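S.K.: My structure is below; once you've seen it, I'll send some questions.
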Amino acid sequence: MNSTIRRWFASAGAMRRVLSTFAPYLGAGVQVTHLADDFTTATVEMRQRWYNTNYVGTHFGGSLYSMVDPMYMLLLMRRLGSSYIVWDKSASIDFIRPGKGVVKAEFELTEERLAEIRQATEQGDKYLPEWDVDIVDETGTVVARVHKVLYVRRKPTE
């Protein structure tokens, strides 16, 4: 990551502001409403607008997926530091019911999960941690569930 981009992401507040104006988020109407200073939790929201509504009047599926796409990768990159390689590997989304109004997704990266990842990669092996993220409407009803798989490997020491 070049130095300019690293400065943009220097703090949780800066990262939250940059993500909220990042073209894919801006175009979908996604807002990062919470990003913990220690990068352990995050919340994203999307209000239904004419530009993120599909033909049948519900949230466009691509916008629902874009809400969750980068979050675990970014949280993990910040928590593990520059001695790790972190990439999105795969994802799937299950549309459970039509989403309308304001929808949100919450992310949590626990110390236990970080320890699990560090232990699995300490010898330089790749590890593929998985997460399920629920996208819920204003009543807390699940409208979609996203399954994410990341690729994590400790960089070789020189």
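Starting from 1 in every chain, residues are counted up; chains themselves are A, B, ... following the order of the structure tokens, and ligands are numbered from 1 as listed.
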Give me the residues near Asp137 (chain A) as number ranges by chain, where near means some atom within 8 Å (using only C-alpha atoms) and where sequence neighbours in that chain fewer than 6 positions away do not count.

M.R.: A: 99-104, 143

S.K.: Any idea what's packed within 12 Å of Glu111 (chain A), counting only C-alpha atoms, ignoring anything in its chain fewer than 5 positions away? Could you give it as a VMD selection string?

M.R.: chain A and resid 38 to 41 76 79 to 80 116 to 118

S.K.: Take the selection from the previous step and output its residues with N, CA, C and O atoms, as an mmCIF file, in the first residue's frame.

M.R.:
data_model
loop_
_atom_site.group_PDB
_atom_site.id
_atom_site.type_symbol
_atom_site.label_atom_id
_atom_site.label_comp_id
_atom_site.auth_asym_id
_atom_site.auth_seq_id
_atom_site.Cartn_x
_atom_site.Cartn_y
_atom_site.Cartn_z
ATOM 1 N N ASP A 38 -9.858 0.559 17.856
ATOM 2 C CA ASP A 38 -8.920 -0.575 17.830
ATOM 3 C C ASP A 38 -9.224 -1.555 16.695
ATOM 4 O O ASP A 38 -8.651 -2.640 16.629
ATOM 5 N N PHE A 39 -10.123 -1.184 15.798
ATOM 6 C CA PHE A 39 -10.481 -1.984 14.628
ATOM 7 C C PHE A 39 -11.022 -3.374 14.986
ATOM 8 O O PHE A 39 -10.812 -4.331 14.263
ATOM 9 N N THR A 40 -11.756 -3.464 16.083
ATOM 10 C CA THR A 40 -12.353 -4.745 16.473
ATOM 11 C C THR A 40 -13.806 -4.857 16.041
ATOM 12 O O THR A 40 -14.307 -5.970 15.877
ATOM 13 N N THR A 41 -14.480 -3.741 15.861
ATOM 14 C CA THR A 41 -15.885 -3.769 15.453
ATOM 15 C C THR A 41 -16.157 -2.676 14.425
ATOM 16 O O THR A 41 -15.471 -1.651 14.387
ATOM 17 N N LEU A 76 -9.040 -7.101 9.659
ATOM 18 C CA LEU A 76 -7.970 -8.069 9.894
ATOM 19 C C LEU A 76 -6.612 -7.502 9.515
ATOM 20 O O LEU A 76 -5.625 -7.701 10.240
ATOM 21 N N ARG A 79 -5.592 -5.201 12.340
ATOM 22 C CA ARG A 79 -5.299 -5.899 13.601
ATOM 23 C C ARG A 79 -4.032 -6.747 13.517
ATOM 24 O O ARG A 79 -3.295 -6.842 14.487
ATOM 25 N N LEU A 80 -3.782 -7.371 12.373
ATOM 26 C CA LEU A 80 -2.599 -8.226 12.242
ATOM 27 C C LEU A 80 -1.340 -7.439 11.911
ATOM 28 O O LEU A 80 -0.236 -7.855 12.264
ATOM 29 N N GLU A 116 -6.404 -17.363 17.109
ATOM 30 C CA GLU A 116 -6.576 -18.548 16.253
ATOM 31 C C GLU A 116 -5.850 -18.356 14.915
ATOM 32 O O GLU A 116 -5.143 -19.245 14.434
ATOM 33 N N ILE A 117 -6.020 -17.183 14.322
ATOM 34 C CA ILE A 117 -5.404 -16.886 13.032
ATOM 35 C C ILE A 117 -3.887 -16.804 13.160
ATOM 36 O O ILE A 117 -3.148 -17.365 12.343
ATOM 37 N N ARG A 118 -3.408 -16.139 14.199
ATOM 38 C CA ARG A 118 -1.953 -16.044 14.408
ATOM 39 C C ARG A 118 -1.339 -17.424 14.614
ATOM 40 O O ARG A 118 -0.279 -17.723 14.064
#

S.K.: Between A:Tyr51, A:Phe22, A:Trp87, A:Trp131, which one has atoms that come closest to Ser63 (chain A), using only C-alpha atoms?

M.R.: A:Tyr51
